[in-house]
Amino acid sequence: MIFHDQALLKAVNINKSFGQGCIQCKNKETHILKKNYCPVCGTIYACRDVSLEIYPGEILGLVGESGSGKSTLLDIFYFDTPADDGELFFQHWEEGKDNILDLSSQQKRCIRNRLLGKVYQNPLHGLKMDFSAISNVVEKLIAAGQRNVKQMETGGNEFLDHVNIPFFRRKDVPKNFSGGMQQRVQIAKALSNQPSLLLLDEVTTGLDLSVQASVLDLIKHIQRVFKVSMLIVSHDLRVVRMLAERMIVMLDGKIVEQGLTDQILEDPQHAYTQQLVYSLL
Amino acid sequence: MNSFPFAFFDEGSKREIRRATLKAIAIPGYQVPFASREMPIARGWGTGGLQLTLSLIGKDDVLKVIDQGSDESVNAVNIKKFICKTTNVELTEDTAKASMIQSRHRIPEMPLREDQVLILQVPIPEPLRYIEPSEMETKKLHSENEYSGAWLMLFEQIVKFGQITSGADHPVCVHHRYVMAPSPIPRFDNAKLDHSKALILFGAGREKKVYAIPPYTSVVSLAFDDLPFQVENFEGMVCRICGSSDVYMDELMDQDGKVTYQCNDTSHCYEKSQRGER
């Protein structure tokens, strides 16, 4: 695989289903789904032939209703869930020649620890709630092979500075933090190994408006400072409008529309996108 | 006791445990699951070590059992009596004379030899258990050589207390591959695992795991680059009985609050004081 346009991450025809599948839905001709599941056997087709590219330094927004496959796609990119089939190429791994979905679990772990960062919608999944905030940030550094306490402490504190966690709370456990603070610790953790791609899953959902604003500010700031590419999943169009230059709309496991954020919001083509944009106003 | 076969177990049971033991020796530090037997003592009281001992012991073996350094504590005495009743082997308290040593929480002070086997009783064989409660997940972590959890536990101690505070069971890396729980031996004893001349076996009866450190295997205690591994400090402490100063000490306090120290390894202490009298 050669990148003509030097995409950082290139996904080709990613498929993911949950369930056994049956004669009807496995057959291409009789493959008729109700929304994203098979009415006969109940198998859910979470991602259907999803292809996308993320370019260095850009923020790509991914919107869609609940159950449209956004989070599943992110899980596949972070190796949390295996894909059924499809190809994924990452510029910083063997110059994008290998399909990284076919790598061994050790190699996947290596990519995940050294090149990727993810912020989960639920901080419970991204943080160790009984370990201090600084340890949580440092975990990613340890995983990436660092073994020097002083350096890791300095590094960890630096990232916690960026996300405005006050110094006196850094030895506290995230269990005792507010939702917004937990989310910011997660961001610091995801950033600490200086990943080339950051995956953000509904980072602002469940936060109050002022905290939302500060987290969004932070993300914008981080992109400017670290020049990291981001894939932002949200069902909130306002978040995507503010952050992303380019966006993708998913519905029932399929990409229905993609393009420049402004363009899509001003002139939505697909019926679902139109509905989405109108409901925003 | 004639109704029992030699060493309590039927031959099939011994075979199963020996098979697991052989595999454990072949993959240093790897936890091999085995069909842990129901024993006449409760799980958690040394059934893992006991099963290893019973499956390996022969008529010519000389057995020593210690519990936290003592040959005469209840756990050691009970296990000794049981093994003796079912095998009639010779018992000893002298480390040098023993061919098999079953121990809980200590490694004898006297360096072991190639013709000896040390069997340690293990309560929690999984070094990552505190970080990851699921066995399925920890198996994956071992297979992927992903030990950041073990390091993270040490880092958290440094964050909280300014130093590594694991009192016992400080994780070690065996043969540059598997991170292993050395059973709750003090950090002081970790060095004795490295390139040990004797075969060291670990048995966890409740958790149904056997693992091993073959002779002359590299065993490195986990430590950070700028914070080297440290053992318990007994500087300036002298055993009140035998006068040793380079061993693991127990602290004793009398009614008046006066503190004295004594060797934790009782047979080492006894021997040394006997020799001193001569």
# chains A, B, ... in the order shown; residues from 1 in each chain; ligands from 1

$ residues_around --residues "segment 34-38 of chain B" --least-positions-apart "2" --cutoff "12 Å" --atoms "only C-alpha atoms" --output "ChimeraX atom specification"
/B:8-10,12-24,31-32,40-44,46-52,54-55,203-211

$ write_last_selection --atoms "N, CA and C atoms" --output "short mmCIF file (atom, residue, chain, number, x, y, z; two decimals), in the first residue's frame"
data_model
loop_
_atom_site.label_atom_id
_atom_site.label_comp_id
_atom_site.auth_asym_id
_atom_site.auth_seq_id
_atom_site.Cartn_x
_atom_site.Cartn_y
_atom_site.Cartn_z
N PHE B 8 0.93 -40.38 50.22
CA PHE B 8 -0.48 -40.00 50.24
C PHE B 8 -1.20 -40.09 48.91
N PHE B 9 -0.58 -39.60 47.83
CA PHE B 9 -1.24 -39.55 46.52
C PHE B 9 -1.23 -40.90 45.82
N ASP B 10 -2.26 -41.12 45.00
CA ASP B 10 -2.20 -42.24 44.06
C ASP B 10 -1.24 -41.84 42.93
N GLY B 12 -1.53 -41.65 39.76
CA GLY B 12 -2.08 -40.73 38.75
C GLY B 12 -1.94 -39.28 39.17
N SER B 13 -2.22 -39.01 40.42
CA SER B 13 -2.11 -37.64 40.93
C SER B 13 -0.67 -37.16 40.86
N LYS B 14 0.25 -38.03 41.30
CA LYS B 14 1.66 -37.65 41.28
C LYS B 14 2.10 -37.32 39.86
N ARG B 15 1.63 -38.16 38.94
CA ARG B 15 1.98 -37.97 37.55
C ARG B 15 1.52 -36.60 37.05
N GLU B 16 0.29 -36.26 37.35
CA GLU B 16 -0.28 -34.98 36.91
C GLU B 16 0.55 -33.81 37.45
N ILE B 17 0.89 -33.90 38.73
CA ILE B 17 1.63 -32.79 39.34
C ILE B 17 3.05 -32.73 38.78
N ARG B 18 3.68 -33.91 38.58
CA ARG B 18 5.03 -33.92 38.02
C ARG B 18 5.04 -33.37 36.59
N ARG B 19 3.96 -33.72 35.84
CA ARG B 19 3.89 -33.22 34.47
C ARG B 19 3.86 -31.70 34.46
N ALA B 20 3.03 -31.12 35.33
CA ALA B 20 2.97 -29.66 35.43
C ALA B 20 4.32 -29.10 35.86
N THR B 21 4.98 -29.80 36.79
CA THR B 21 6.27 -29.33 37.29
C THR B 21 7.32 -29.32 36.17
N LEU B 22 7.32 -30.37 35.35
CA LEU B 22 8.28 -30.42 34.25
C LEU B 22 8.06 -29.26 33.28
N LYS B 23 6.81 -29.00 33.01
CA LYS B 23 6.50 -27.88 32.10
C LYS B 23 6.96 -26.57 32.72
N ALA B 24 6.72 -26.42 34.03
CA ALA B 24 7.11 -25.20 34.72
C ALA B 24 8.62 -25.01 34.64
N GLN B 31 3.46 -19.56 34.85
CA GLN B 31 2.55 -20.25 35.76
C GLN B 31 1.80 -21.36 35.02
N VAL B 32 2.06 -22.59 35.40
CA VAL B 32 1.41 -23.73 34.76
C VAL B 32 0.20 -24.15 35.59
N PRO B 40 -5.65 -33.00 53.03
CA PRO B 40 -6.19 -33.05 54.39
C PRO B 40 -5.93 -31.79 55.20
N ILE B 41 -5.29 -30.77 54.61
CA ILE B 41 -5.24 -29.45 55.26
C ILE B 41 -5.96 -28.46 54.36
N ALA B 42 -6.37 -27.36 54.95
CA ALA B 42 -7.19 -26.40 54.20
C ALA B 42 -6.37 -25.69 53.14
N ARG B 43 -7.03 -25.32 52.04
CA ARG B 43 -6.36 -24.53 51.01
C ARG B 43 -5.94 -23.20 51.62
N GLY B 44 -4.77 -22.75 51.22
CA GLY B 44 -4.24 -21.52 51.80
C GLY B 44 -3.29 -21.82 52.94
N GLY B 46 -0.72 -24.04 52.60
CA GLY B 46 0.47 -24.70 52.06
C GLY B 46 0.17 -25.91 51.23
N THR B 47 -1.06 -26.02 50.70
CA THR B 47 -1.42 -27.21 49.93
C THR B 47 -0.63 -27.28 48.62
N GLY B 48 -0.30 -26.13 48.03
CA GLY B 48 0.46 -26.13 46.78
C GLY B 48 1.84 -26.72 47.00
N GLY B 49 2.53 -26.19 48.01
CA GLY B 49 3.87 -26.69 48.33
C GLY B 49 3.82 -28.15 48.72
N LEU B 50 2.83 -28.50 49.51
CA LEU B 50 2.69 -29.87 49.98
C LEU B 50 2.50 -30.85 48.82
N GLN B 51 1.69 -30.46 47.86
CA GLN B 51 1.46 -31.35 46.71
C GLN B 51 2.73 -31.54 45.91
N LEU B 52 3.50 -30.44 45.74
CA LEU B 52 4.78 -30.57 45.03
C LEU B 52 5.70 -31.53 45.78
N LEU B 54 4.99 -33.90 47.96
CA LEU B 54 4.52 -35.28 47.95
C LEU B 54 4.72 -35.94 46.59
N SER B 55 4.58 -35.16 45.51
CA SER B 55 4.71 -35.76 44.19
C SER B 55 6.17 -36.04 43.86
N GLY B 203 4.43 -23.61 44.47
CA GLY B 203 3.14 -24.27 44.33
C GLY B 203 2.04 -23.45 44.99
N ALA B 204 0.98 -23.19 44.22
CA ALA B 204 -0.17 -22.48 44.76
C ALA B 204 -1.37 -23.41 44.66
N GLY B 205 -1.75 -24.03 45.78
CA GLY B 205 -2.80 -25.03 45.77
C GLY B 205 -4.17 -24.45 45.52
N ARG B 206 -4.47 -23.34 46.17
CA ARG B 206 -5.78 -22.74 46.01
C ARG B 206 -5.96 -22.19 44.61
N GLU B 207 -4.89 -21.55 44.09
CA GLU B 207 -4.96 -20.95 42.76
C GLU B 207 -4.60 -21.95 41.66
N LYS B 208 -4.24 -23.17 42.04
CA LYS B 208 -3.99 -24.26 41.10
C LYS B 208 -2.91 -23.92 40.08
N LYS B 209 -1.79 -23.41 40.57
CA LYS B 209 -0.68 -23.05 39.68
C LYS B 209 0.64 -23.59 40.23
N VAL B 210 1.50 -24.00 39.30
CA VAL B 210 2.87 -24.40 39.65
C VAL B 210 3.80 -23.59 38.77
N TYR B 211 4.88 -23.06 39.35
CA TYR B 211 5.90 -22.44 38.51
C TYR B 211 7.27 -22.68 39.12
#

$ closest_atom_pairs --of "chain B" --to "chain A" --cutoff "8 Å" --atoms "only C-alpha atoms" --output "JSON lines"
{"residue": "B:Glu144", "atom": "CA", "partner": "A:Gln106", "partner_atom": "CA", "distance": 4.9}
{"residue": "B:Asn145", "atom": "CA", "partner": "A:Gln106", "partner_atom": "CA", "distance": 7.5}
{"residue": "B:Glu146", "atom": "CA", "partner": "A:Ala143", "partner_atom": "CA", "distance": 7.5}
{"residue": "B:Tyr147", "atom": "CA", "partner": "A:Ala143", "partner_atom": "CA", "distance": 7.7}
{"residue": "B:Ser148", "atom": "CA", "partner": "A:Ala143", "partner_atom": "CA", "distance": 5.1}
{"residue": "B:Gly149", "atom": "CA", "partner": "A:Glu139", "partner_atom": "CA", "distance": 7.7}
{"residue": "B:Trp151", "atom": "CA", "partner": "A:Ile142", "partner_atom": "CA", "distance": 7.2}
{"residue": "B:Leu152", "atom": "CA", "partner": "A:Glu139", "partner_atom": "CA", "distance": 6.1}
{"residue": "B:Phe155", "atom": "CA", "partner": "A:Ser135", "partner_atom": "CA", "distance": 6.8}
{"residue": "B:Glu156", "atom": "CA", "partner": "A:Ser135", "partner_atom": "CA", "distance": 5.9}
{"residue": "B:Val159", "atom": "CA", "partner": "A:Lys171", "partner_atom": "CA", "distance": 6.9}
{"residue": "B:Lys160", "atom": "CA", "partner": "A:Lys171", "partner_atom": "CA", "distance": 7.0}
{"residue": "B:Phe224", "atom": "CA", "partner": "A:Arg147", "partner_atom": "CA", "distance": 5.2}
{"residue": "B:Asp225", "atom": "CA", "partner": "A:Asn148", "partner_atom": "CA", "distance": 5.1}
{"residue": "B:Asp226", "atom": "CA", "partner": "A:Asn148", "partner_atom": "CA", "distance": 5.7}
{"residue": "B:Leu227", "atom": "CA", "partner": "A:Val149", "partner_atom": "CA", "distance": 7.3}

$ select_by_dssp --residues "segment 86-230 of chain B" --states "strand (DSSP E)" --output "MDAnalysis selection string"
chainID B and resid 90:91 100:104 117:121 172:174 178:180 199:204 209:213 219:221

$ write_last_selection --atoms "N, CA and C atoms" --output "compact mmCIF listing (two decimals), in the first residue's frame"
# COMPACT_ATOMS: atom_id res chain seq x y z
N GLU B 90 13.30 -39.45 56.34
CA GLU B 90 14.06 -38.85 57.43
C GLU B 90 13.77 -37.35 57.47
N LEU B 91 13.59 -36.82 58.67
CA LEU B 91 13.37 -35.39 58.83
C LEU B 91 14.64 -34.76 59.39
N MET B 100 15.31 -32.05 50.32
CA MET B 100 14.13 -31.29 49.92
C MET B 100 13.77 -30.33 51.06
N ILE B 101 13.50 -29.10 50.68
CA ILE B 101 13.12 -28.13 51.69
C ILE B 101 11.81 -27.49 51.26
N GLN B 102 10.79 -27.68 52.06
CA GLN B 102 9.54 -26.95 51.79
C GLN B 102 9.50 -25.75 52.72
N SER B 103 9.17 -24.60 52.17
CA SER B 103 9.24 -23.39 52.98
C SER B 103 8.08 -22.45 52.71
N ARG B 104 7.80 -21.65 53.70
CA ARG B 104 6.79 -20.62 53.56
C ARG B 104 7.43 -19.30 53.94
N VAL B 117 16.38 -29.32 46.51
CA VAL B 117 15.21 -28.70 45.88
C VAL B 117 14.50 -27.85 46.92
N LEU B 118 14.22 -26.61 46.55
CA LEU B 118 13.47 -25.74 47.46
C LEU B 118 12.05 -25.60 46.93
N ILE B 119 11.08 -25.84 47.79
CA ILE B 119 9.68 -25.74 47.39
C ILE B 119 9.02 -24.66 48.22
N LEU B 120 8.49 -23.65 47.52
CA LEU B 120 7.88 -22.53 48.25
C LEU B 120 6.36 -22.58 48.13
N GLN B 121 5.69 -22.27 49.22
CA GLN B 121 4.23 -22.21 49.23
C GLN B 121 3.80 -20.81 48.78
N VAL B 172 9.66 -10.20 40.33
CA VAL B 172 10.94 -10.42 39.67
C VAL B 172 10.72 -10.81 38.22
N CYS B 173 11.73 -10.53 37.40
CA CYS B 173 11.68 -10.96 36.00
C CYS B 173 12.59 -12.17 35.84
N VAL B 174 12.01 -13.29 35.39
CA VAL B 174 12.75 -14.54 35.31
C VAL B 174 13.21 -14.79 33.88
N TYR B 178 9.38 -13.76 31.79
CA TYR B 178 8.17 -13.71 32.59
C TYR B 178 8.38 -12.95 33.90
N VAL B 179 7.45 -12.05 34.19
CA VAL B 179 7.45 -11.42 35.51
C VAL B 179 6.69 -12.35 36.44
N MET B 180 7.27 -12.57 37.62
CA MET B 180 6.80 -13.63 38.50
C MET B 180 6.69 -13.13 39.94
N LEU B 199 17.22 -26.15 42.46
CA LEU B 199 15.96 -25.96 41.75
C LEU B 199 14.94 -25.35 42.72
N ILE B 200 14.24 -24.31 42.29
CA ILE B 200 13.23 -23.70 43.16
C ILE B 200 11.85 -23.88 42.51
N LEU B 201 10.95 -24.49 43.26
CA LEU B 201 9.60 -24.71 42.76
C LEU B 201 8.60 -23.93 43.58
N PHE B 202 7.54 -23.48 42.92
CA PHE B 202 6.51 -22.71 43.60
C PHE B 202 5.17 -23.41 43.40
N GLY B 203 4.43 -23.61 44.47
CA GLY B 203 3.14 -24.27 44.33
C GLY B 203 2.04 -23.45 44.99
N ALA B 204 0.98 -23.19 44.22
CA ALA B 204 -0.17 -22.48 44.76
C ALA B 204 -1.37 -23.41 44.66
N LYS B 209 -1.79 -23.41 40.57
CA LYS B 209 -0.68 -23.05 39.68
C LYS B 209 0.64 -23.59 40.23
N VAL B 210 1.50 -24.00 39.30
CA VAL B 210 2.87 -24.40 39.65
C VAL B 210 3.80 -23.59 38.77
N TYR B 211 4.88 -23.06 39.35
CA TYR B 211 5.90 -22.44 38.51
C TYR B 211 7.27 -22.68 39.12
N ALA B 212 8.31 -22.35 38.34
CA ALA B 212 9.64 -22.79 38.77
C ALA B 212 10.74 -21.85 38.33
N ILE B 213 11.84 -21.89 39.08
CA ILE B 213 13.08 -21.26 38.64
C ILE B 213 14.12 -22.38 38.57
N VAL B 219 17.42 -14.08 37.58
CA VAL B 219 16.22 -13.55 38.23
C VAL B 219 16.52 -12.11 38.65
N VAL B 220 15.79 -11.17 38.06
CA VAL B 220 16.06 -9.76 38.34
C VAL B 220 14.85 -9.14 39.03
N SER B 221 15.07 -8.51 40.17
CA SER B 221 13.98 -7.81 40.84
C SER B 221 13.66 -6.54 40.08

$ atom_distance --atom1 "atom CA of Asn88 of chain B" --atom2 "atom CA of Pro111 of chain B"
26.8 Å

$ select_by_dssp --residues "segment 66-223 of chain A" --states "helix (DSSP H, G or I)" --output "JSON, numbers by chain"
{"A": [70, 71, 72, 73, 74, 75, 76, 77, 94, 95, 96, 100, 101, 102, 105, 106, 107, 108, 109, 110, 111, 112, 113, 114, 123, 124, 125, 126, 133, 134, 135, 136, 137, 138, 139, 140, 141, 142, 143, 149, 150, 151, 152, 153, 154, 155, 156, 157, 158, 159, 160, 161, 162, 167, 168, 169, 174, 175, 176, 179, 180, 181, 182, 183, 184, 185, 186, 187, 188, 189, 190, 191, 209, 210, 211, 212, 213, 214, 215, 216, 217, 218, 219, 220, 221, 222, 223]}

$ residues_around --residues "segment 266-276 of chain A" --least-positions-apart "5" --cutoff "9 Å" --atoms "only C-alpha atoms" --output "JSON, numbers by chain"
{"A": [64, 65, 237, 249, 251, 256, 257, 261]}

$ write_last_selection --atoms "N, CA and C atoms" --output "CSV table (one decimal), in the first residue's frame"
chain,number,residue,atom,x,y,z
A,64,GLY,N,-23.0,10.9,14.2
A,64,GLY,CA,-24.0,9.9,13.9
A,64,GLY,C,-24.8,9.6,15.1
A,65,GLU,N,-26.0,9.0,15.0
A,65,GLU,CA,-26.8,8.8,16.1
A,65,GLU,C,-26.3,7.6,17.0
A,237,LEU,N,-23.3,17.9,17.2
A,237,LEU,CA,-22.8,18.6,16.0
A,237,LEU,C,-22.0,19.9,16.3
A,249,VAL,N,-20.3,11.5,8.4
A,249,VAL,CA,-21.5,11.2,9.0
A,249,VAL,C,-21.8,9.7,8.9
A,251,LEU,N,-24.4,6.4,9.6
A,251,LEU,CA,-25.8,6.0,9.9
A,251,LEU,C,-25.9,4.5,9.7
A,256,VAL,N,-22.5,7.9,5.4
A,256,VAL,CA,-23.5,8.4,4.4
A,256,VAL,C,-23.0,9.7,3.8
A,257,GLU,N,-22.1,10.4,4.4
A,257,GLU,CA,-21.7,11.6,3.9
A,257,GLU,C,-20.4,12.0,4.5
A,261,THR,N,-16.5,20.4,7.1
A,261,THR,CA,-17.5,20.5,8.1
A,261,THR,C,-18.5,21.7,7.7

$ residues_around --residues "His92 of chain A" --least-positions-apart "2" --cutoff "12 Å" --atoms "only C-alpha atoms" --output "list in words"
Phe3, Gln6, Ala7, Leu8, Leu9, Lys10, Pro56, Phe89, Phe90, Glu94, Glu95, Gly96, Lys97, Asp98, Ile100, Cys110, Ile111, Arg112, Arg114, Leu115, Leu116, Pro195, Ser196 and Leu197 of chain A

$ write_last_selection --atoms "N, CA and C atoms" --output "PDB file, in the first residue's frame"
ATOM      1  N   PHE A   3       0.958   5.438   0.016  1.00  0.00           N
ATOM      2  CA  PHE A   3       0.134   6.622   0.240  1.00  0.00           C
ATOM      3  C   PHE A   3       0.468   7.665  -0.804  1.00  0.00           C
ATOM      4  N   GLN A   6      -0.270  10.698   1.419  1.00  0.00           N
ATOM      5  CA  GLN A   6       0.318  10.696   2.751  1.00  0.00           C
ATOM      6  C   GLN A   6      -0.697  10.802   3.885  1.00  0.00           C
ATOM      7  N   ALA A   7      -1.732   9.979   3.806  1.00  0.00           N
ATOM      8  CA  ALA A   7      -2.667   9.932   4.935  1.00  0.00           C
ATOM      9  C   ALA A   7      -1.959   9.298   6.125  1.00  0.00           C
ATOM     10  N   LEU A   8      -2.294   9.749   7.330  1.00  0.00           N
ATOM     11  CA  LEU A   8      -1.678   9.179   8.530  1.00  0.00           C
ATOM     12  C   LEU A   8      -2.287   7.806   8.803  1.00  0.00           C
ATOM     13  N   LEU A   9      -3.612   7.751   8.698  1.00  0.00           N
ATOM     14  CA  LEU A   9      -4.310   6.497   8.925  1.00  0.00           C
ATOM     15  C   LEU A   9      -5.283   6.289   7.771  1.00  0.00           C
ATOM     16  N   LYS A  10      -5.266   5.085   7.223  1.00  0.00           N
ATOM     17  CA  LYS A  10      -6.164   4.815   6.108  1.00  0.00           C
ATOM     18  C   LYS A  10      -6.911   3.526   6.410  1.00  0.00           C
ATOM     19  N   PRO A  56      -2.227  13.966   8.523  1.00  0.00           N
ATOM     20  CA  PRO A  56      -1.416  14.465   9.642  1.00  0.00           C
ATOM     21  C   PRO A  56      -1.866  15.856  10.087  1.00  0.00           C
ATOM     22  N   PHE A  89      -4.127   0.924   7.528  1.00  0.00           N
ATOM     23  CA  PHE A  89      -2.716   1.253   7.298  1.00  0.00           C
ATOM     24  C   PHE A  89      -2.353   2.480   8.102  1.00  0.00           C
ATOM     25  N   PHE A  90      -1.173   2.415   8.708  1.00  0.00           N
ATOM     26  CA  PHE A  90      -0.750   3.500   9.578  1.00  0.00           C
ATOM     27  C   PHE A  90       0.615   3.959   9.108  1.00  0.00           C
ATOM     28  N   GLU A  94       5.908   0.760   9.675  1.00  0.00           N
ATOM     29  CA  GLU A  94       6.438   0.195   8.425  1.00  0.00           C
ATOM     30  C   GLU A  94       6.019   1.058   7.243  1.00  0.00           C
ATOM     31  N   GLU A  95       6.006   2.341   7.427  1.00  0.00           N
ATOM     32  CA  GLU A  95       5.635   3.309   6.387  1.00  0.00           C
ATOM     33  C   GLU A  95       4.315   2.981   5.713  1.00  0.00           C
ATOM     34  N   GLY A  96       3.394   2.419   6.484  1.00  0.00           N
ATOM     35  CA  GLY A  96       2.056   2.183   5.966  1.00  0.00           C
ATOM     36  C   GLY A  96       1.949   1.049   4.974  1.00  0.00           C
ATOM     37  N   LYS A  97       2.933   0.109   4.999  1.00  0.00           N
ATOM     38  CA  LYS A  97       2.879  -0.985   4.020  1.00  0.00           C
ATOM     39  C   LYS A  97       2.041  -2.153   4.531  1.00  0.00           C
ATOM     40  N   ASP A  98       2.046  -2.350   5.860  1.00  0.00           N
ATOM     41  CA  ASP A  98       1.351  -3.517   6.424  1.00  0.00           C
ATOM     42  C   ASP A  98      -0.068  -3.166   6.853  1.00  0.00           C
ATOM     43  N   ILE A 100      -2.314  -3.233   9.566  1.00  0.00           N
ATOM     44  CA  ILE A 100      -2.016  -3.409  10.986  1.00  0.00           C
ATOM     45  C   ILE A 100      -3.083  -4.230  11.715  1.00  0.00           C
ATOM     46  N   CYS A 110       2.177  -2.754  20.875  1.00  0.00           N
ATOM     47  CA  CYS A 110       3.258  -1.796  20.689  1.00  0.00           C
ATOM     48  C   CYS A 110       2.730  -0.534  20.004  1.00  0.00           C
ATOM     49  N   ILE A 111       1.950  -0.666  18.948  1.00  0.00           N
ATOM     50  CA  ILE A 111       1.369   0.489  18.245  1.00  0.00           C
ATOM     51  C   ILE A 111       0.499   1.288  19.214  1.00  0.00           C
ATOM     52  N   ARG A 112      -0.316   0.558  19.932  1.00  0.00           N
ATOM     53  CA  ARG A 112      -1.250   1.177  20.870  1.00  0.00           C
ATOM     54  C   ARG A 112      -0.510   1.957  21.956  1.00  0.00           C
ATOM     55  N   ARG A 114       2.675   3.086  21.865  1.00  0.00           N
ATOM     56  CA  ARG A 114       3.650   4.082  21.449  1.00  0.00           C
ATOM     57  C   ARG A 114       3.110   5.097  20.456  1.00  0.00           C
ATOM     58  N   LEU A 115       2.102   4.740  19.652  1.00  0.00           N
ATOM     59  CA  LEU A 115       1.703   5.640  18.575  1.00  0.00           C
ATOM     60  C   LEU A 115       0.279   6.176  18.720  1.00  0.00           C
ATOM     61  N   LEU A 116      -0.524   5.536  19.568  1.00  0.00           N
ATOM     62  CA  LEU A 116      -1.920   5.954  19.682  1.00  0.00           C
ATOM     63  C   LEU A 116      -2.253   6.434  21.094  1.00  0.00           C
ATOM     64  N   PRO A 195       1.495  10.689  21.130  1.00  0.00           N
ATOM     65  CA  PRO A 195       1.021   9.839  20.047  1.00  0.00           C
ATOM     66  C   PRO A 195       0.891  10.636  18.751  1.00  0.00           C
ATOM     67  N   SER A 196       0.889   9.932  17.626  1.00  0.00           N
ATOM     68  CA  SER A 196       0.648  10.670  16.388  1.00  0.00           C
ATOM     69  C   SER A 196      -0.837  10.748  16.074  1.00  0.00           C
ATOM     70  N   LEU A 197      -1.628   9.875  16.709  1.00  0.00           N
ATOM     71  CA  LEU A 197      -3.074   9.948  16.510  1.00  0.00           C
ATOM     72  C   LEU A 197      -3.796   9.812  17.843  1.00  0.00           C
TER      73      LEU A 197
END

$ atom_distance --atom1 "atom CA of Leu154 of chain B" --atom2 "atom CA of Glu232 of chain B"
16.0 Å

$ residues_around --residues "Arg169 of chain A" --least-positions-apart "2" --cutoff "12 Å" --atoms "only C-alpha atoms" --output "list in words"
Ser132, Ala133, Ile134, Asn157, Leu160, Asp161, Asn164, Ile165, Pro166, Phe167, Lys171, Asp172, Val173, Pro174, Lys175, Asn176, Phe177, Ser178, Met181, Gln182 and Val185 of chain A

$ write_last_selection --atoms "C-alpha atoms" --output "mmCIF file, in the first residue's frame"
data_model
loop_
_atom_site.group_PDB
_atom_site.id
_atom_site.type_symbol
_atom_site.label_atom_id
_atom_site.label_comp_id
_atom_site.auth_asym_id
_atom_site.auth_seq_id
_atom_site.Cartn_x
_atom_site.Cartn_y
_atom_site.Cartn_z
ATOM 1 C CA SER A 132 -3.136 8.473 41.656
ATOM 2 C CA ALA A 133 -3.643 10.883 38.758
ATOM 3 C CA ILE A 134 0.091 11.133 38.128
ATOM 4 C CA ASN A 157 3.477 16.729 35.725
ATOM 5 C CA LEU A 160 -1.105 17.498 33.963
ATOM 6 C CA ASP A 161 -0.098 21.182 33.790
ATOM 7 C CA ASN A 164 -4.938 22.237 34.380
ATOM 8 C CA ILE A 165 -5.025 19.641 37.146
ATOM 9 C CA PRO A 166 -3.921 21.531 40.271
ATOM 10 C CA PHE A 167 -0.620 20.357 41.715
ATOM 11 C CA LYS A 171 -1.485 12.290 44.164
ATOM 12 C CA ASP A 172 -5.236 11.887 44.652
ATOM 13 C CA VAL A 173 -7.065 9.032 42.983
ATOM 14 C CA PRO A 174 -9.353 9.902 40.033
ATOM 15 C CA LYS A 175 -12.193 8.163 41.867
ATOM 16 C CA ASN A 176 -12.447 11.329 43.953
ATOM 17 C CA PHE A 177 -12.340 13.697 40.958
ATOM 18 C CA SER A 178 -15.217 15.425 39.219
ATOM 19 C CA MET A 181 -11.296 16.481 35.890
ATOM 20 C CA GLN A 182 -11.373 12.752 35.155
ATOM 21 C CA VAL A 185 -6.631 13.316 33.333
#

$ closest_residue --among "B:Phe234, B:Glu132, B:Glu137, B:Arg106" --to "Asn190 of chain B" --atoms "only C-alpha atoms"
B:Arg106

$ residues_around --residues "Lys118 of chain A" --least-positions-apart "5" --cutoff "10 Å" --atoms "only C-alpha atoms" --output "PyMOL selection string"
chain A and resi 74-75+77-78+112+126+186-187+189-191+195+197-201+230-231

$ write_last_selection --atoms "C-alpha atoms" --output "JSON list (two decimals), in the first residue's frame"
[["chain", "number", "residue", "atom", "x", "y", "z"],
["A", 74, "LEU", "CA", -12.84, 3.72, 17.29],
["A", 75, "ASP", "CA", -12.50, 0.49, 19.26],
["A", 77, "PHE", "CA", -8.69, 1.56, 15.50],
["A", 78, "TYR", "CA", -7.41, 1.21, 19.09],
["A", 112, "ARG", "CA", -1.25, 1.18, 20.87],
["A", 126, "GLY", "CA", -9.56, 4.79, 30.43],
["A", 186, "GLN", "CA", -7.60, 10.92, 30.54],
["A", 187, "ILE", "CA", -6.53, 13.48, 27.96],
["A", 189, "LYS", "CA", -2.72, 10.21, 29.84],
["A", 190, "ALA", "CA", -3.54, 9.79, 26.17],
["A", 191, "LEU", "CA", -1.09, 12.58, 25.28],
["A", 195, "PRO", "CA", 1.02, 9.84, 20.05],
["A", 197, "LEU", "CA", -3.07, 9.95, 16.51],
["A", 198, "LEU", "CA", -5.48, 10.73, 19.31],
["A", 199, "LEU", "CA", -8.89, 9.03, 19.39],
["A", 200, "LEU", "CA", -11.53, 10.92, 21.32],
["A", 201, "ASP", "CA", -14.82, 9.20, 22.07],
["A", 230, "MET", "CA", -7.35, 13.60, 16.09],
["A", 231, "LEU", "CA", -10.43, 11.59, 15.36]]

$ atom_distance --atom1 "atom CA of Thr217 of chain B" --atom2 "atom CA of Pro28 of chain B"
8.0 Å

$ closest_atom_pairs --of "segment 204-264 of chain B" --to "segment 67-83 of chain B" --cutoff "12 Å" --atoms "only C-alpha atoms" --output "Markdown table"
| residue | atom | partner | partner_atom | distance |
| --- | --- | --- | --- | --- |
| B:Val247 | CA | B:Gly69 | CA | 11.3 |
| B:Tyr248 | CA | B:Gly69 | CA | 9.3 |
| B:Met249 | CA | B:Gly69 | CA | 10.1 |
| B:Asp250 | CA | B:Gly69 | CA | 9.9 |
| B:Gln262 | CA | B:Gly69 | CA | 11.3 |
| B:Cys263 | CA | B:Gly69 | CA | 8.6 |
| B:Asn264 | CA | B:Gly69 | CA | 5.3 |
